[in-house]
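File shown: model_20.cif (mmCIF, C-alpha atoms).
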data_run
loop_
_atom_site.label_atom_id
_atom_site.label_comp_id
_atom_site.auth_asym_id
_atom_site.auth_seq_id
_atom_site.Cartn_x
_atom_site.Cartn_y
_atom_site.Cartn_z
CA MET A 22 0.20 37.00 -11.29
CA ILE A 23 -0.44 40.71 -11.89
CA LYS A 24 2.74 42.55 -12.88
CA LYS A 25 1.29 46.06 -12.84
CA SER A 26 2.68 48.46 -10.25
CA ILE A 27 0.18 48.70 -7.37
CA LEU A 28 -0.11 51.05 -4.40
CA LEU A 29 -2.07 49.45 -1.55
CA ILE A 30 -3.55 51.78 1.06
CA GLY A 31 -4.64 50.12 4.30
CA GLY A 32 -2.14 47.28 4.18
CA SER A 33 -2.19 46.77 7.96
CA GLY A 34 -5.90 45.93 7.98
CA ASN A 35 -7.50 42.52 7.61
CA LEU A 36 -8.05 42.64 3.86
CA GLY A 37 -4.91 44.65 3.12
CA SER A 38 -2.62 42.24 4.96
CA LYS A 39 -4.13 39.29 3.08
CA ILE A 40 -3.56 41.06 -0.24
CA LEU A 41 0.10 41.65 0.67
CA ASN A 42 0.60 38.03 1.70
CA SER A 43 -1.01 36.62 -1.43
CA ASN A 44 0.90 35.65 -4.56
CA PHE A 45 -1.47 37.43 -6.92
CA PHE A 46 0.22 40.82 -7.12
CA LYS A 47 3.94 40.98 -7.94
CA LYS A 48 4.71 44.72 -7.80
CA ILE A 49 2.78 45.91 -4.76
CA TYR A 50 3.81 48.63 -2.30
CA SER A 51 2.02 49.44 0.96
CA PRO A 52 3.43 52.40 2.91
CA LYS A 53 2.88 52.89 6.63
CA LYS A 54 0.65 55.70 7.87
CA LYS A 55 3.60 57.95 8.75
CA GLU A 56 4.51 57.94 5.04
CA LEU A 57 1.03 58.07 3.55
CA ASP A 58 -1.77 59.57 5.62
CA LEU A 59 -5.08 60.04 3.78
CA LEU A 60 -5.77 63.11 5.88
CA ASN A 61 -2.56 64.70 4.56
CA ARG A 62 -2.78 65.45 0.83
CA ASN A 63 0.91 66.30 0.62
CA SER A 64 1.88 62.79 1.79
CA ILE A 65 -0.46 61.27 -0.81
CA SER A 66 1.01 63.40 -3.57
CA LYS A 67 4.60 62.53 -2.61
CA THR A 68 3.87 58.81 -2.52
CA ILE A 69 2.04 58.79 -5.86
CA LYS A 70 4.84 60.72 -7.57
CA LYS A 71 7.56 58.52 -6.07
CA LYS A 72 6.68 55.52 -8.23
CA LYS A 73 4.69 55.22 -11.42
CA PHE A 74 1.75 53.34 -9.97
CA GLU A 75 -0.75 51.95 -12.44
CA ILE A 76 -3.30 50.90 -9.83
CA ILE A 77 -4.23 52.10 -6.34
CA ILE A 78 -6.23 49.74 -4.11
CA ASN A 79 -7.88 51.60 -1.24
CA CYS A 80 -8.73 49.34 1.71
CA ALA A 81 -8.40 52.08 4.34
CA ALA A 82 -11.57 52.72 6.34
CA LEU A 83 -13.11 52.92 9.78
CA ALA A 84 -15.29 49.84 9.29
CA ARG A 85 -16.37 48.62 12.72
CA ILE A 86 -20.07 49.48 13.02
CA LYS A 87 -19.88 50.26 16.74
CA ASP A 88 -16.90 52.57 16.26
CA CYS A 89 -18.70 54.47 13.50
CA GLU A 90 -21.88 54.82 15.59
CA LYS A 91 -19.92 56.02 18.63
CA SER A 92 -17.80 58.47 16.64
CA PRO A 93 -19.51 59.59 13.41
CA SER A 94 -17.03 62.48 13.09
CA GLN A 95 -14.11 60.03 12.99
CA ALA A 96 -15.92 57.87 10.42
CA ILE A 97 -16.55 60.95 8.28
CA LYS A 98 -12.92 62.03 8.62
CA ILE A 99 -11.42 58.68 7.57
CA ASN A 100 -14.03 57.31 5.16
CA ILE A 101 -15.10 60.52 3.43
CA TYR A 102 -12.39 63.16 3.82
CA GLY A 103 -9.63 60.57 3.41
CA THR A 104 -11.14 59.23 0.19
CA SER A 105 -11.78 62.76 -1.05
CA ASN A 106 -8.11 63.66 -0.55
CA LEU A 107 -6.98 60.52 -2.36
CA VAL A 108 -9.28 61.22 -5.30
CA LYS A 109 -8.10 64.84 -5.57
CA GLU A 110 -4.47 63.74 -5.79
CA ILE A 111 -5.25 61.02 -8.34
CA LEU A 112 -7.14 63.52 -10.49
CA ASN A 113 -4.25 65.96 -10.21
CA TYR A 114 -1.75 63.26 -11.19
CA ASN A 115 -3.88 61.93 -14.07
CA SER A 116 -4.32 65.43 -15.50
CA LYS A 117 -0.54 65.79 -15.84
CA ASN A 118 0.51 62.30 -16.86
CA LYS A 119 -0.11 60.14 -19.91
CA ASN A 120 -0.41 56.93 -17.86
CA LYS A 121 -3.59 57.23 -15.78
CA ILE A 122 -3.93 55.67 -12.34
CA LYS A 123 -6.80 53.23 -11.85
CA LEU A 124 -8.50 53.41 -8.43
CA ILE A 125 -9.99 50.27 -6.88
CA HIS A 126 -12.08 51.24 -3.85
CA ILE A 127 -13.42 48.73 -1.32
CA SER A 128 -16.99 49.62 -0.38
CA THR A 129 -19.70 47.64 1.40
CA ASP A 130 -23.12 45.99 1.09
CA ALA A 131 -24.24 48.42 3.84
CA VAL A 132 -24.89 51.05 1.14
CA TYR A 133 -28.20 49.23 0.48
CA ASN A 134 -31.09 49.24 2.96
CA SER A 135 -30.48 45.53 3.59
CA ILE A 136 -34.08 44.47 4.11
CA LYS A 137 -35.16 42.45 1.07
CA GLY A 138 -31.83 41.28 -0.36
CA ASN A 139 -30.79 40.48 -3.95
CA TYR A 140 -29.48 44.02 -4.44
CA ARG A 141 -28.16 44.95 -7.86
CA GLU A 142 -25.54 47.58 -8.53
CA ASP A 143 -28.28 49.99 -9.65
CA SER A 144 -30.51 49.38 -6.60
CA PRO A 145 -31.31 52.48 -4.49
CA LEU A 146 -28.66 53.43 -1.94
CA LYS A 147 -30.32 53.62 1.48
CA PRO A 148 -27.79 52.87 4.24
CA TYR A 149 -29.03 51.74 7.65
CA ASN A 150 -26.04 52.95 9.70
CA VAL A 151 -23.29 55.62 9.87
CA TYR A 152 -20.75 53.34 8.22
CA GLY A 153 -23.00 52.79 5.21
CA TRP A 154 -23.62 56.53 4.77
CA THR A 155 -19.91 57.35 4.86
CA LYS A 156 -19.22 54.68 2.24
CA VAL A 157 -21.97 56.03 -0.02
CA ALA A 158 -20.37 59.46 0.21
CA SER A 159 -16.92 58.05 -0.52
CA GLU A 160 -18.26 56.29 -3.62
CA PHE A 161 -19.38 59.61 -5.12
CA PHE A 162 -15.82 60.92 -4.91
CA VAL A 163 -14.35 57.71 -6.37
CA LYS A 164 -16.63 58.01 -9.39
CA LEU A 165 -14.86 61.25 -10.31
CA VAL A 166 -11.90 59.09 -11.36
CA ASN A 167 -12.75 57.83 -14.86
CA ASN A 168 -10.72 54.66 -14.38
CA HIS A 169 -12.38 53.38 -11.19
CA VAL A 170 -13.72 50.18 -9.64
CA ILE A 171 -16.06 50.26 -6.64
CA VAL A 172 -16.30 46.87 -4.96
CA ARG A 173 -19.42 46.42 -2.82
CA THR A 174 -18.84 43.43 -0.61
CA ARG A 175 -18.84 41.89 2.87
CA PHE A 176 -16.12 39.58 4.15
CA PHE A 177 -14.87 37.79 7.26
CA ASP A 178 -11.67 36.06 8.37
CA LYS A 179 -12.21 32.43 9.37
CA LYS A 180 -9.12 32.56 11.58
CA THR A 181 -10.43 35.35 13.79
CA LEU A 182 -14.03 34.20 14.27
CA LYS A 183 -14.84 34.11 17.99
CA TYR A 184 -18.63 34.21 18.04
CA LYS A 185 -20.56 32.17 20.61
CA TYR A 186 -23.87 32.77 18.86
CA SER A 187 -25.10 34.00 15.49
CA ALA A 188 -28.41 34.86 13.84
CA LYS A 189 -30.35 32.33 11.80
CA ASP A 190 -32.44 35.10 10.22
CA ILE A 191 -29.73 37.51 9.03
CA TYR A 192 -28.76 36.87 5.41
CA THR A 193 -25.77 38.13 3.44
CA SER A 194 -23.54 37.25 0.49
CA GLN A 195 -20.40 37.48 2.60
CA ILE A 196 -17.25 35.60 1.68
CA GLU A 197 -14.04 34.60 3.43
CA VAL A 198 -11.34 37.27 3.13
CA ASN A 199 -8.92 35.07 1.16
CA THR A 200 -11.64 34.43 -1.40
CA LEU A 201 -12.15 38.17 -1.74
CA VAL A 202 -8.43 38.63 -2.44
CA LYS A 203 -8.70 36.08 -5.25
CA TYR A 204 -11.78 37.85 -6.63
CA LEU A 205 -9.97 41.21 -6.57
CA TYR A 206 -7.24 39.55 -8.63
CA TYR A 207 -9.88 38.53 -11.18
CA LEU A 208 -11.19 42.10 -11.33
CA VAL A 209 -7.74 43.59 -11.89
CA LYS A 210 -7.00 41.01 -14.57
CA SER A 211 -10.31 41.67 -16.33
CA ASN A 212 -9.80 45.46 -16.66
CA PHE A 213 -13.38 45.97 -15.41
CA ILE A 214 -14.46 49.59 -14.81
CA GLY A 215 -17.46 50.65 -12.71
CA VAL A 216 -19.45 49.48 -9.69
CA ILE A 217 -19.68 45.78 -8.92
CA ASN A 218 -21.15 43.54 -6.22
CA VAL A 219 -18.68 40.89 -5.12
CA GLY A 220 -19.73 37.99 -2.92
CA GLY A 221 -21.18 34.51 -2.77
CA LYS A 222 -24.61 32.93 -2.62
CA LYS A 223 -27.17 34.14 -0.08
CA ILE A 224 -26.61 32.47 3.29
CA SER A 225 -27.52 33.09 6.93
CA ASP A 226 -24.80 34.23 9.31
CA TYR A 227 -25.39 31.16 11.47
CA LYS A 228 -25.06 28.71 8.59
CA MET A 229 -21.90 30.41 7.31
CA TYR A 230 -20.08 30.67 10.64
CA LYS A 231 -21.18 27.19 11.78
CA LYS A 232 -18.79 25.78 9.14
CA TYR A 233 -15.88 27.15 11.16
CA LEU A 234 -17.37 27.19 14.68
CA PRO A 235 -18.98 23.81 15.45
CA LYS A 236 -20.14 24.95 18.91
CA LEU A 237 -21.87 28.07 17.58
CA LYS A 238 -25.34 28.63 19.05
CA PRO A 239 -28.31 29.94 17.00
CA PHE A 240 -29.77 33.34 17.88
CA SER A 241 -32.41 35.58 16.35
CA ARG A 242 -31.77 38.98 14.80
CA LYS A 243 -33.96 40.63 17.46
CA GLU A 244 -31.96 38.99 20.25
CA LEU A 245 -28.69 40.17 18.72
CA ILE A 246 -29.91 43.75 18.23
CA LYS A 247 -31.01 43.86 21.87
CA LYS A 248 -27.70 42.39 23.07
CA LEU A 249 -25.39 44.51 20.88
CA ASN A 250 -27.54 47.67 20.88
CA ILE A 251 -26.91 48.39 17.19
CA THR A 252 -29.02 48.15 14.04
CA LEU A 253 -28.31 44.99 12.04
CA ALA A 254 -29.10 44.09 8.45
CA LYS A 255 -32.01 41.74 7.83
CA ASP A 256 -31.06 40.64 4.31
CA SER A 257 -28.14 42.35 2.57
CA SER A 258 -27.61 39.58 0.01
CA LEU A 259 -26.25 40.72 -3.34
CA ASN A 260 -27.13 40.07 -6.94
CA ILE A 261 -23.70 39.00 -8.23
CA LYS A 262 -24.57 38.19 -11.86
CA LYS A 263 -22.22 40.87 -13.16
CA PHE A 264 -19.30 39.49 -11.16
CA GLU A 265 -20.09 35.87 -12.04
CA LYS A 266 -19.47 36.66 -15.71
CA ILE A 267 -15.96 37.85 -14.82
CA LYS A 268 -15.39 34.96 -12.43
CA LYS A 269 -16.16 32.34 -15.10
CA LYS A 270 -13.31 33.63 -17.25
CA TYR A 271 -10.67 32.88 -14.61
CA GLU A 272 -11.89 29.76 -12.80
#
Can you present the structure in this file as structure tokens?
Amino acid sequence: MIKKSILLIGGSGNLGSKILNSNFFKKIYSPKKKELDLLNRNSISKTIKKKKFEIIINCAALARIKDCEKSPSQAIKINIYGTSNLVKEILNYNSKNKNKIKLIHISTDAVYNSIKGNYREDSPLKPYNVYGWTKVASEFFVKLVNNHVIVRTRFFDKKTLKYKYSAKDIYTSQIEVNTLVKYLYYLVKSNFIGVINVGGKKISDYKMYKKYLPKLKPFSRKELIKKLNITLAKDSSLNIKKFEKIKKKYE
């Protein structure tokens, strides 16, 4: 169990709520939006100063692809401006205090072009949608914090899967959300700093979801794109060698 004081932003979301309900982090605090709003720097500053947080985990984002495509301005506001405000207040705090805050920022595999797969942390960043572009921009701000971790990942919640069909020819390194929480625990424990891909072995969406949805029907990527009217990754699988070295120490 991690005993460091942690501020969790985005605790009402899928990942955030799982982090709060886990037993990995003992001293964790997740304020509601009315107390901490990433679009209000004053509220960020007040919250940071209230307690001597050692770590901030930022899960807040507009992440639904359709929502980002429909409202790019909202995606920019939340994913870029919000992160920028957070970083500014962390830098301001760190410049005045001996104990520096570490920022752990949840990013995405959508920062890569997602065509050939096996992307390393130093692979070119070529997003294929609005969401990916906003996360690339947010990463640049996060890197201004010396003590930072950028987690590029993709996850799902087995309890909320409702798909009737899924693509046999879309490949990712996605993992179940509870597994990601455990992996974040490993990262915090390891004191890793930098950018890291976090996920599992390359697998098709159909093969992954079929484990939890026995009646799932196979579809093709082209059929899904036509049906959903959005651009979908072909192969966004990640090279996770860097993370596997950390993982081995704690499993």
Checklist entry - Nearest to Met22 of chain A among A:Lys223, A:Asn115, A:Lys203, A:Ala81, with distances taken over all atoms listed in the file: which residue is it? => result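 Looking only at the distances to Met22 of chain A, the closest residue turns out to be A:Lys203.
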Next on the checklist: Nearest residue to Lys73 of chain A out of A:Thr129, A:Ser26, A:Gln195, A:Asn212, using only C-alpha atoms?
Outcome noted: A:Ser26
At a cut-off of 8 Å, can you tabulate as CSV every residue of segment 154-233 of chain A near segment 38-41 of chain A together with its closest atom pair and the distance in Å to one decimal, using all atoms listed in the file and ordering rows by chain then number?
residue,atom,partner,partner_atom,distance
A:Val198,CA,A:Lys39,CA,7.5
A:Asn199,CA,A:Lys39,CA,6.7
A:Val202,CA,A:Ile40,CA,5.9
Item to check | Ile78 of chain A surroundings by all atoms listed in the file, 8 Å radius, close-in-sequence under 2 positions cut, as a list in words | outcome: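 Selected residues are Ile27, Leu28, Leu29, Ile30, Ile76, Cys80, Leu124, Ile125, His126 and Ile127 of chain A.
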For the residues in the current selection, export C-alpha atoms as a short mmCIF file (atom, residue, chain, number, x, y, z; two decimals), keeping the file's coordinate frame.
data_model
loop_
_atom_site.label_atom_id
_atom_site.label_comp_id
_atom_site.auth_asym_id
_atom_site.auth_seq_id
_atom_site.Cartn_x
_atom_site.Cartn_y
_atom_site.Cartn_z
CA ILE A 27 0.18 48.70 -7.37
CA LEU A 28 -0.11 51.05 -4.40
CA LEU A 29 -2.07 49.45 -1.55
CA ILE A 30 -3.55 51.78 1.06
CA ILE A 76 -3.30 50.90 -9.83
CA CYS A 80 -8.73 49.34 1.71
CA LEU A 124 -8.50 53.41 -8.43
CA ILE A 125 -9.99 50.27 -6.88
CA HIS A 126 -12.08 51.24 -3.85
CA ILE A 127 -13.42 48.73 -1.32
#
Item to check | Polymer residues at most 9 Å from segment 256-261 of chain A, all atoms listed in the file, same-chain spacing of 2 or more positions, as an MDAnalysis selection string | outcome: chainID A and resid 130:131 133:142 173:174 190:195 217:225 254 263:266
Next on the checklist: When the PyMOL selection byres ((chain A and resi 185) around 12) is applied to the structure above, which residues does it catch, written out as a PyMOL selection string?
Outcome noted: chain A and resi 182-184+186-188+227+230-231+233-240+245
